[in-house]
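K.L.:
Quick one: structure below, then a few questions.
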Amino acid sequence: MGVLDFLSPDPAKLRLPAAGDALPGHPGPIMRPGTHTVLGTPIDGPFPDGTALATFALGCFWGAEKGFWQIPGVFTTAVGYAGGSTPNPTYGEVCSGRTGHAEVVRVAFDPARVTYEELLRAFWESHDPTQGMRQGNDVGTQYRSAIYVADESQRGAAEASRDAYQGRLTAAGYGRISTEIADAGPFYFAEDYHQQYLDKNPNGYCPDHGTGVACPIGLPGVK
């Protein structure tokens, strides 16, 4: 995914479109949510009482989703599109750069078993948040780093974790974090073949864009 774009990127794919220039999208969902192929849970609920939702963008959502479904305390995960203007976009439309959406993973989790801060730590350590509109060879607005927060508590935790991680990254020689932190808007499910892609395709595309720099947030005794 994205290798040719990296070799000769279209400048238009590196800029978010204005809402008025975005594709019109579709009147209804492009897929019907089903059951998680690994966890056996419904990817769109119903969720157990007390379940919280978190939404992260960290490049290609195939490998990102696998990282989150392996965390104890996560009830279910789903991949989709968020942060843009186009309703119910298709994968092709998102990859055109004309929807404004990022590829995201939505995580439904039990806060009594895994904290939001621990999910943030996994998010930061699983990609390079300093690359702007890309992750490695994957180039385009859909590959940007983002945290879409459900409430002010999540916003505060996301901003604190960003600031703490920036210190670690700076010490390791990395640049400024480009991660977008914004209120969660609509989440649109990606096509069925994208859901739990690396379970369905064990040898599928799964690059590791992590920096190798540990994030202090979520470590025992660190808040």
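Letters A, B, ... mark the chains of the structure tokens in the order given; residue numbers begin at 1 per chain; ligand numbers begin at 1, in order shown.
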Report as a PyMOL selection string: the residues of segment 40-178 of chain A with a DSSP assignment of strand (DSSP E), based on the backbone of this structure.
P.N.:
chain A and resi 52-58+74-82+102-109+134-135+138-139+145-149
K.L.:
Please produce a file of the residues just selected, as a tab-separated table (two decimals), in the first residue's frame, where the atoms kept are C-alpha atoms.
P.N.:
chain	number	residue	atom	x	y	z
A	52	ALA	CA	-15.53	3.04	26.57
A	53	LEU	CA	-14.52	3.90	23.01
A	54	ALA	CA	-11.22	5.24	21.71
A	55	THR	CA	-10.33	6.15	18.13
A	56	PHE	CA	-6.78	6.29	16.77
A	57	ALA	CA	-5.16	6.93	13.39
A	58	LEU	CA	-1.58	5.71	12.98
A	74	VAL	CA	-10.08	-4.66	24.74
A	75	PHE	CA	-13.59	-5.91	24.00
A	76	THR	CA	-13.54	-5.39	20.24
A	77	THR	CA	-11.89	-3.39	17.47
A	78	ALA	CA	-12.96	-2.15	14.07
A	79	VAL	CA	-11.28	-0.27	11.24
A	80	GLY	CA	-12.83	2.62	9.44
A	81	TYR	CA	-12.60	6.21	8.35
A	82	ALA	CA	-12.85	9.37	10.48
A	102	ALA	CA	-7.83	9.14	8.06
A	103	GLU	CA	-7.64	5.36	8.32
A	104	VAL	CA	-8.56	4.71	11.96
A	105	VAL	CA	-9.01	1.95	14.49
A	106	ARG	CA	-11.94	2.19	16.88
A	107	VAL	CA	-11.28	0.39	20.15
A	108	ALA	CA	-14.02	-0.65	22.57
A	109	PHE	CA	-12.41	-1.37	25.93
A	134	ARG	CA	2.54	9.71	5.86
A	135	GLN	CA	3.91	6.65	7.61
A	138	ASP	CA	2.52	5.11	2.81
A	139	VAL	CA	1.92	8.71	1.73
A	145	SER	CA	-1.46	10.44	12.91
A	146	ALA	CA	-4.54	11.42	14.92
A	147	ILE	CA	-6.38	10.88	18.17
A	148	TYR	CA	-10.13	11.50	18.04
A	149	VAL	CA	-11.31	12.02	21.61
K.L.:
Residues near segment 158-173 of chain A, anyone? I mean within 8 Å using only C-alpha atoms, not counting same-chain ones fewer than 4 positions away, as number ranges by chain.
P.N.:
A: 117, 120-121, 124, 147, 149, 154, 177, 181, 213-217
K.L.:
Using DSSP assignments from the backbone, pull out every residue in segment 154-189 of chain A that falls under helix (DSSP H, G or I) and give it to me as a PyMOL selection string.
P.N.:
chain A and resi 154-171
K.L.:
Once you count only C-alpha atoms, what closest atom pair and distance in Å to one decimal does each residue of segment 183-206 of chain A within 8 Å of segment 28-31 of chain A have, with rows by chain and rising residue number, as a Markdown table?
P.N.:
| residue | atom | partner | partner_atom | distance |
| --- | --- | --- | --- | --- |
| A:Tyr188 | CA | A:Pro29 | CA | 7.3 |
| A:Phe189 | CA | A:Met31 | CA | 6.8 |
| A:Ala190 | CA | A:Met31 | CA | 7.2 |
| A:Glu191 | CA | A:Met31 | CA | 5.8 |
| A:Asp192 | CA | A:Met31 | CA | 6.5 |
K.L.:
Output N, CA and C atoms for every residue in the selection just made, as a tab-separated table (two decimals), in the first residue's frame.
P.N.:
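Heads up, here's the output in again.tsv:
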chain	number	residue	atom	x	y	z
A	188	TYR	N	-16.98	5.85	10.24
A	188	TYR	CA	-17.56	5.06	9.15
A	188	TYR	C	-16.78	3.75	9.02
A	189	PHE	N	-17.48	2.63	9.10
A	189	PHE	CA	-16.82	1.34	8.99
A	189	PHE	C	-16.21	1.16	7.60
A	190	ALA	N	-14.99	0.64	7.58
A	190	ALA	CA	-14.37	0.26	6.32
A	190	ALA	C	-15.00	-1.03	5.81
A	191	GLU	N	-14.72	-1.35	4.58
A	191	GLU	CA	-15.27	-2.54	3.95
A	191	GLU	C	-14.91	-3.79	4.75
A	192	ASP	N	-15.73	-4.83	4.59
A	192	ASP	CA	-15.57	-6.04	5.40
A	192	ASP	C	-14.19	-6.66	5.24
K.L.:
List every residue of segment 139-164 of chain A that has an atom at most 10 Å from any atom of segment 10-24 of chain A, giving for each one its closest atom pair and the distance in Å to one decimal, counting only C-alpha atoms, sorted by chain and then by ascending residue number, as CSV.
P.N.:
residue,atom,partner,partner_atom,distance
A:Val139,CA,A:Leu14,CA,7.6
A:Gly140,CA,A:Lys13,CA,5.0
A:Thr141,CA,A:Leu14,CA,5.5
A:Gln142,CA,A:Lys13,CA,8.6
A:Tyr143,CA,A:Leu14,CA,9.7
A:Arg144,CA,A:Leu14,CA,9.5
K.L.:
Once you have the residues from the selection above, write them out as an mmCIF file, in the first residue's frame, restricted to N, CA and C atoms.
P.N.:
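The file below, part_37.cif, is the result:
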data_model
loop_
_atom_site.group_PDB
_atom_site.id
_atom_site.type_symbol
_atom_site.label_atom_id
_atom_site.label_comp_id
_atom_site.auth_asym_id
_atom_site.auth_seq_id
_atom_site.Cartn_x
_atom_site.Cartn_y
_atom_site.Cartn_z
ATOM 1 N N VAL A 139 1.984 7.253 1.793
ATOM 2 C CA VAL A 139 1.921 8.707 1.725
ATOM 3 C C VAL A 139 0.506 9.158 1.391
ATOM 4 N N GLY A 140 0.014 10.140 2.130
ATOM 5 C CA GLY A 140 -1.313 10.686 1.870
ATOM 6 C C GLY A 140 -1.991 11.085 3.162
ATOM 7 N N THR A 141 -3.012 11.904 3.056
ATOM 8 C CA THR A 141 -3.707 12.391 4.250
ATOM 9 C C THR A 141 -4.342 11.266 5.049
ATOM 10 N N GLN A 142 -4.687 10.162 4.387
ATOM 11 C CA GLN A 142 -5.332 9.053 5.096
ATOM 12 C C GLN A 142 -4.388 8.352 6.055
ATOM 13 N N TYR A 143 -3.076 8.602 5.922
ATOM 14 C CA TYR A 143 -2.087 7.939 6.771
ATOM 15 C C TYR A 143 -1.586 8.833 7.904
ATOM 16 N N ARG A 144 -2.224 9.976 8.118
ATOM 17 C CA ARG A 144 -1.763 10.890 9.160
ATOM 18 C C ARG A 144 -2.027 10.312 10.553
#
K.L.:
If you count only C-alpha atoms, which residues fall within 8 Å of Pro72 of chain A, apart from same-chain ones fewer than 2 positions away, as a PyMOL selection string?
P.N.:
chain A and resi 69-70+74+113-114
K.L.:
Would you save the residues of that selection, restricted to N, CA and C atoms, as a PDB file, in the first residue's frame?
P.N.:
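And here's out02.pdb as it stands now:
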ATOM      1  N   TRP A  69      -6.159  -5.253  19.148  1.00  0.00           N
ATOM      2  CA  TRP A  69      -7.000  -6.387  19.561  1.00  0.00           C
ATOM      3  C   TRP A  69      -6.230  -7.360  20.452  1.00  0.00           C
ATOM      4  N   GLN A  70      -4.904  -7.271  20.474  1.00  0.00           N
ATOM      5  CA  GLN A  70      -4.098  -8.154  21.316  1.00  0.00           C
ATOM      6  C   GLN A  70      -3.971  -7.662  22.762  1.00  0.00           C
ATOM      7  N   VAL A  74      -9.403  -5.159  25.935  1.00  0.00           N
ATOM      8  CA  VAL A  74     -10.081  -4.658  24.741  1.00  0.00           C
ATOM      9  C   VAL A  74     -11.210  -5.623  24.391  1.00  0.00           C
ATOM     10  N   ARG A 113     -10.038  -2.814  33.145  1.00  0.00           N
ATOM     11  CA  ARG A 113      -8.980  -3.768  32.812  1.00  0.00           C
ATOM     12  C   ARG A 113      -7.821  -3.141  32.058  1.00  0.00           C
ATOM     13  N   VAL A 114      -8.096  -2.120  31.270  1.00  0.00           N
ATOM     14  CA  VAL A 114      -7.038  -1.413  30.551  1.00  0.00           C
ATOM     15  C   VAL A 114      -7.419   0.056  30.509  1.00  0.00           C
TER      16      VAL A 114
END
K.L.:
Smallest atom-to-atom distance to Cys206 of chain A: which of A:Gly59, A:Gly100, A:Pro89, A:Gly175, using only C-alpha atoms?
P.N.:
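Distance minimum relative to Cys206 of chain A lands on A:Gly59.
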